[in-house]
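Next up, work-v7.pdb (PDB, C-alpha atoms):
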MODEL        1
ATOM      1  CA  MET B 903       3.843 -14.684 -10.324
ATOM      2  CA  SER B 904       1.607 -17.758 -10.288
ATOM      3  CA  HIS B 905       0.159 -19.511 -13.312
ATOM      4  CA  LEU B 906      -3.348 -18.392 -12.282
ATOM      5  CA  GLN B 907      -2.207 -14.778 -11.877
ATOM      6  CA  ASN B 908      -0.689 -14.895 -15.369
ATOM      7  CA  LEU B 909      -3.935 -16.330 -16.773
ATOM      8  CA  LEU B 910      -5.947 -13.473 -15.259
ATOM      9  CA  LEU B 911      -3.587 -10.786 -16.487
ATOM     10  CA  ASP B 912      -2.998 -12.199 -19.964
ATOM     11  CA  THR B 913      -6.405 -13.562 -20.936
ATOM     12  CA  LEU B 914      -8.619 -10.998 -19.227
ATOM     13  CA  LEU B 915      -6.817  -7.724 -18.591
ATOM     14  CA  GLY B 916      -4.848  -8.268 -21.793
ATOM     15  CA  THR B 917      -8.042  -7.721 -23.784
ATOM     16  CA  LYS B 918      -8.164  -4.086 -22.574
ATOM     17  CA  HIS B 919     -11.907  -4.653 -22.033
ATOM     18  CA  VAL B 920     -11.606  -6.038 -18.499
ATOM     19  CA  ASP B 921     -10.905  -3.463 -15.818
ATOM     20  CA  CYS B 922     -10.319  -5.795 -12.851
ATOM     21  CA  ALA B 923     -10.427  -9.534 -12.295
ATOM     22  CA  ALA B 924     -10.212 -12.059  -9.478
ATOM     23  CA  LEU B 925     -10.437 -15.767  -8.834
ATOM     24  CA  ILE B 926     -12.316 -16.790  -5.680
ATOM     25  CA  ARG B 927     -12.014 -20.248  -4.116
ATOM     26  CA  LEU B 928     -15.600 -21.406  -3.704
ATOM     27  CA  GLN B 929     -15.112 -23.717  -0.744
ATOM     28  CA  GLU B 930     -13.050 -21.299   1.362
ATOM     29  CA  ARG B 931     -14.734 -18.163  -0.036
ATOM     30  CA  THR B 932     -11.364 -16.443  -0.286
ATOM     31  CA  VAL B 933      -9.560 -14.639  -3.089
ATOM     32  CA  CYS B 934      -6.981 -16.885  -4.724
ATOM     33  CA  VAL B 935      -5.562 -14.271  -7.106
ATOM     34  CA  ALA B 936      -6.641 -10.809  -8.197
ATOM     35  CA  SER B 937      -5.492  -8.122 -10.565
ATOM     36  CA  PRO B 938      -3.377  -5.388  -8.947
ATOM     37  CA  GLY B 939      -5.482  -3.030  -6.847
ATOM     38  CA  PHE B 940      -8.648  -5.156  -6.987
ATOM     39  CA  THR B 941      -9.688  -5.909  -3.426
ATOM     40  CA  LEU B 942     -12.749  -7.963  -2.595
ATOM     41  CA  MET B 943     -14.159  -7.699   0.890
ATOM     42  CA  PRO B 944     -15.899 -10.685   2.537
ATOM     43  CA  ASN B 945     -19.338  -9.144   1.908
ATOM     44  CA  ASP B 946     -18.484  -8.800  -1.828
ATOM     45  CA  ILE B 947     -17.522 -12.482  -1.985
ATOM     46  CA  ARG B 948     -20.661 -13.452  -0.070
ATOM     47  CA  ALA B 949     -22.834 -11.469  -2.524
ATOM     48  CA  LEU B 950     -21.293 -13.294  -5.504
ATOM     49  CA  VAL B 951     -21.584 -16.750  -3.910
ATOM     50  CA  ASN B 952     -25.190 -16.006  -2.911
ATOM     51  CA  GLY B 953     -25.941 -14.940  -6.476
ATOM     52  CA  PHE B 954     -25.415 -18.554  -7.505
ATOM     53  CA  ALA B 955     -27.009 -20.064  -4.381
ATOM     54  CA  LYS B 956     -30.356 -18.388  -5.114
ATOM     55  CA  ASN B 957     -32.784 -19.461  -7.774
ATOM     56  CA  PRO B 958     -31.588 -17.806 -11.037
ATOM     57  CA  LEU B 959     -34.971 -16.090 -11.454
ATOM     58  CA  GLN B 960     -34.673 -14.569  -7.985
ATOM     59  CA  THR B 961     -31.144 -13.335  -8.718
ATOM     60  CA  ARG B 962     -32.370 -11.739 -11.957
ATOM     61  CA  ARG B 963     -35.240 -10.099 -10.102
ATOM     62  CA  ASP B 964     -33.262  -8.930  -7.043
ATOM     63  CA  GLY B 965     -30.097  -7.862  -8.840
ATOM     64  CA  LEU B 966     -26.659  -7.864  -7.274
ATOM     65  CA  TYR B 967     -25.137  -5.599  -4.648
ATOM     66  CA  PHE B 968     -21.380  -5.690  -5.301
ATOM     67  CA  LYS B 969     -18.637  -3.327  -4.128
ATOM     68  CA  GLU B 970     -21.181  -0.919  -2.618
ATOM     69  CA  THR B 971     -23.106  -0.597  -5.891
ATOM     70  CA  ASP B 972     -26.478  -1.970  -6.968
ATOM     71  CA  TYR B 973     -26.325  -3.827 -10.272
ATOM     72  CA  LYS B 974     -29.193  -4.956 -12.474
ATOM     73  CA  CYS B 975     -28.807  -8.643 -13.280
ATOM     74  CA  VAL B 976     -29.048  -9.295 -17.015
ATOM     75  CA  ARG B 977     -28.153 -13.007 -16.927
ATOM     76  CA  SER B 978     -28.214 -15.590 -14.190
ATOM     77  CA  ASP B 979     -27.925 -19.346 -14.598
ATOM     78  CA  ASP B 980     -25.973 -22.232 -13.056
ATOM     79  CA  THR B 981     -22.590 -21.099 -14.417
ATOM     80  CA  SER B 982     -22.848 -17.397 -15.278
ATOM     81  CA  LEU B 983     -24.006 -14.166 -13.728
ATOM     82  CA  TYR B 984     -23.902 -10.865 -15.634
ATOM     83  CA  ALA B 985     -24.872  -7.597 -14.001
ATOM     84  CA  LYS B 986     -24.637  -3.947 -15.031
ATOM     85  CA  ASN B 987     -24.996  -0.466 -13.615
ATOM     86  CA  GLU B 988     -25.081   2.249 -16.271
ATOM     87  CA  ASN B 989     -21.709   1.899 -18.099
ATOM     88  CA  ASN B 990     -20.129  -0.496 -15.586
ATOM     89  CA  GLY B 991     -20.635  -4.194 -15.149
ATOM     90  CA  VAL B 992     -19.538  -7.373 -13.466
ATOM     91  CA  ILE B 993     -19.273 -10.805 -15.076
ATOM     92  CA  VAL B 994     -19.052 -13.878 -12.830
ATOM     93  CA  VAL B 995     -18.387 -17.382 -14.131
ATOM     94  CA  LYS B 996     -18.585 -20.425 -11.874
ATOM     95  CA  THR B 997     -16.301 -23.437 -12.268
ATOM     96  CA  ASN B 998     -16.006 -26.529 -10.062
ATOM     97  CA  LEU B 999     -13.586 -24.837  -7.644
ATOM     98  CA  TYR B1000     -13.716 -21.112  -8.403
ATOM     99  CA  LEU B1001     -15.741 -18.029  -9.122
ATOM    100  CA  LEU B1002     -14.067 -16.020 -11.851
ATOM    101  CA  VAL B1003     -14.926 -12.322 -11.537
ATOM    102  CA  ALA B1004     -14.309  -9.647 -14.163
ATOM    103  CA  THR B1005     -15.432  -6.034 -14.265
ATOM    104  CA  TYR B1006     -15.706  -3.534 -17.099
ATOM    105  CA  THR B1007     -16.120   0.228 -17.115
ATOM    106  CA  ALA B1008     -17.227   2.961 -19.515
ATOM    107  CA  GLY B1009     -15.419   2.807 -22.839
ATOM    108  CA  MET B1010     -14.935  -0.968 -22.671
ATOM    109  CA  TYR B1011     -16.983  -3.456 -24.701
ATOM    110  CA  PRO B1012     -19.052  -5.660 -22.370
ATOM    111  CA  SER B1013     -19.247  -8.366 -25.051
ATOM    112  CA  ILE B1014     -15.453  -8.754 -25.111
ATOM    113  CA  CYS B1015     -15.360  -8.891 -21.300
ATOM    114  CA  VAL B1016     -18.045 -11.612 -21.352
ATOM    115  CA  GLU B1017     -16.334 -13.626 -24.089
ATOM    116  CA  ALA B1018     -12.910 -13.539 -22.428
ATOM    117  CA  THR B1019     -14.312 -14.408 -19.003
ATOM    118  CA  GLU B1020     -16.469 -17.263 -20.307
ATOM    119  CA  LYS B1021     -13.545 -18.708 -22.292
ATOM    120  CA  LEU B1022     -11.267 -18.655 -19.252
ATOM    121  CA  GLY B1023     -14.036 -20.257 -17.180
ATOM    122  CA  GLU B1024     -14.429 -22.974 -19.803
ATOM    123  CA  TYR B1025     -10.655 -23.554 -19.803
ATOM    124  CA  LEU B1026     -10.628 -23.903 -16.009
ATOM    125  CA  ARG B1027     -13.580 -26.330 -16.084
ATOM    126  CA  LYS B1028     -11.810 -28.493 -18.702
ATOM    127  CA  LYS B1029      -8.743 -28.578 -16.442
ATOM    128  CA  GLY B1030     -10.964 -29.876 -13.620
ATOM    129  CA  ASN B1031     -10.928 -26.619 -11.708
TER     130      ASN B1031
ENDMDL
END
Represent the structure from my file as structure tokens, please.
Amino acid sequence: MSHLQNLLLDTLLGTKHVDCAALIRLQERTVCVASPGFTLMPNDIRALVNGFAKNPLQTRRDGLYFKETDYKCVRSDDTSLYAKNENNGVIVVKTNLYLLVATYTAGMYPSICVEATEKLGEYLRKKGN
């Protein structure tokens, strides 16, 4: 198992408040590592990349269509995108090289998912990733 895979599993899924997670290479728009069973299709990756390419206000207004579900965007800026749909949500954090994606489901605390994802994103940025 790679160092990045271990980081995803330990720091995100280890919280028990992240359902699935993945690391997407921005330049290639491909999945680098993902939690077991979490598959991102090219249109899912494109939707996440486009969420950052748009003006943050437009992303907040339009929302996010991810994994065949419409999400309401609750935060969008240069480094973070948070979106929710009822009791489910997706948190996306942008670093220099990656998009870090984490999802949560009913019964999980969104705030813990956000905190863990943002901290891992900050760690990756400090490492130059």
So which residues fall inside 8 Å of (-17.2, -9.3, -15.7) if we count only C-alpha atoms? Mind giving them as a PDB file with C-alpha atoms, in the coordinates of the input?
ATOM      1  CA  VAL B 920     -11.606  -6.038 -18.499  1.00  0.00           C
ATOM      2  CA  ALA B 923     -10.427  -9.534 -12.295  1.00  0.00           C
ATOM      3  CA  TYR B 984     -23.902 -10.865 -15.634  1.00  0.00           C
ATOM      4  CA  GLY B 991     -20.635  -4.194 -15.149  1.00  0.00           C
ATOM      5  CA  VAL B 992     -19.538  -7.373 -13.466  1.00  0.00           C
ATOM      6  CA  ILE B 993     -19.273 -10.805 -15.076  1.00  0.00           C
ATOM      7  CA  VAL B 994     -19.052 -13.878 -12.830  1.00  0.00           C
ATOM      8  CA  VAL B1003     -14.926 -12.322 -11.537  1.00  0.00           C
ATOM      9  CA  ALA B1004     -14.309  -9.647 -14.163  1.00  0.00           C
ATOM     10  CA  THR B1005     -15.432  -6.034 -14.265  1.00  0.00           C
ATOM     11  CA  TYR B1006     -15.706  -3.534 -17.099  1.00  0.00           C
ATOM     12  CA  PRO B1012     -19.052  -5.660 -22.370  1.00  0.00           C
ATOM     13  CA  CYS B1015     -15.360  -8.891 -21.300  1.00  0.00           C
ATOM     14  CA  VAL B1016     -18.045 -11.612 -21.352  1.00  0.00           C
ATOM     15  CA  THR B1019     -14.312 -14.408 -19.003  1.00  0.00           C
TER      16      THR B1019
END
Counting only C-alpha atoms, figure out which residue out of B:Lys996, B:Arg963, B:Lys1021, B:His919 gets nearest to Leu950 of chain B.
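Comparing B:Lys996, B:Arg963, B:Lys1021, B:His919 against Leu950 of chain B, the winner is B:Lys996.
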Pick from B:Pro938, B:Gly1009, B:Gly1023, B:Pro944, whichever lies nearest to Ser982 of chain B using all atoms listed in the file:
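Counting all atoms listed in the file, the residue closest to Ser982 of chain B is B:Gly1023.
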Can you turn the PyMOL selection byres ((chain B and resi 1022) around 9) into a concrete residue list for this file, as an MDAnalysis selection string?
chainID B and resid 909:910 913:914 995 1002 1017:1021 1023:1027
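The result of the PyMOL selection byres ((chain B and resi 959) around 12) on the shown file is Gly953, Phe954, Ala955, Lys956, Asn957, Pro958, Gln960, Thr961, Arg962, Arg963, Asp964, Gly965, Cys975, Val976, Arg977, Ser978, Asp979, Asp980 and Leu983 of chain B.
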Quick one: residues within 10 Å of (-14.5, -22.8, -1.0) (file frame), counting all atoms listed in the file, please, as a PyMOL selection string.
chain B and resi 926-933+951+998-1001
For atom CA of Leu925 of chain B and atom CA of Asn987 of chain B, determine how far apart the two atoms are, in Å to one decimal place.
21.7 Å
What are the centre and edge lengths in Å, to one decimal, of the axis-aligned box around all listed atoms of segment 970-988 of chain B with 6 Å added on each side, as JSON?
{"center_x": -25.2, "center_y": -10.0, "center_z": -9.8, "size_x": 20.0, "size_y": 36.5, "size_z": 26.4}
I'd like the interatomic distance between atom CA of Gln907 of chain B and atom CA of Ala936 of chain B, to a tenth of an Å.
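About the pair atom CA of Gln907 of chain B and atom CA of Ala936 of chain B: they are 7.0 Å apart.
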Could you work out how far atom CA of Thr981 of chain B lies from atom CA of Met943 of chain B, giving the answer in Å with one decimal?
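Between atom CA of Met943 of chain B and atom CA of Thr981 of chain B the gap is 22.0 Å.
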Excluding Ala1008 of chain B and any residue of its chain fewer than 6 positions from it, enumerate the residues within 9 Å of it, using all atoms listed in the file, and give them as a PDB file with C-alpha atoms, in the coordinates of the input.
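Result went into selection-v2.pdb, see below:
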ATOM      1  CA  GLU B 988     -25.081   2.249 -16.271  1.00  0.00           C
ATOM      2  CA  ASN B 989     -21.709   1.899 -18.099  1.00  0.00           C
ATOM      3  CA  ASN B 990     -20.129  -0.496 -15.586  1.00  0.00           C
TER       4      ASN B 990
END
Looking at all atoms listed in the file, which of B:Asn945, B:Ser937, B:Thr997, B:Thr1007 is the one that sits closest to Asn908 of chain B?
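For Asn908 of chain B, the nearest of the candidates is B:Ser937.
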Nearest residue to Asp921 of chain B from the set B:Glu970, B:Arg948, B:Phe940, B:Lys1028 (distances using all atoms listed in the file)
B:Phe940
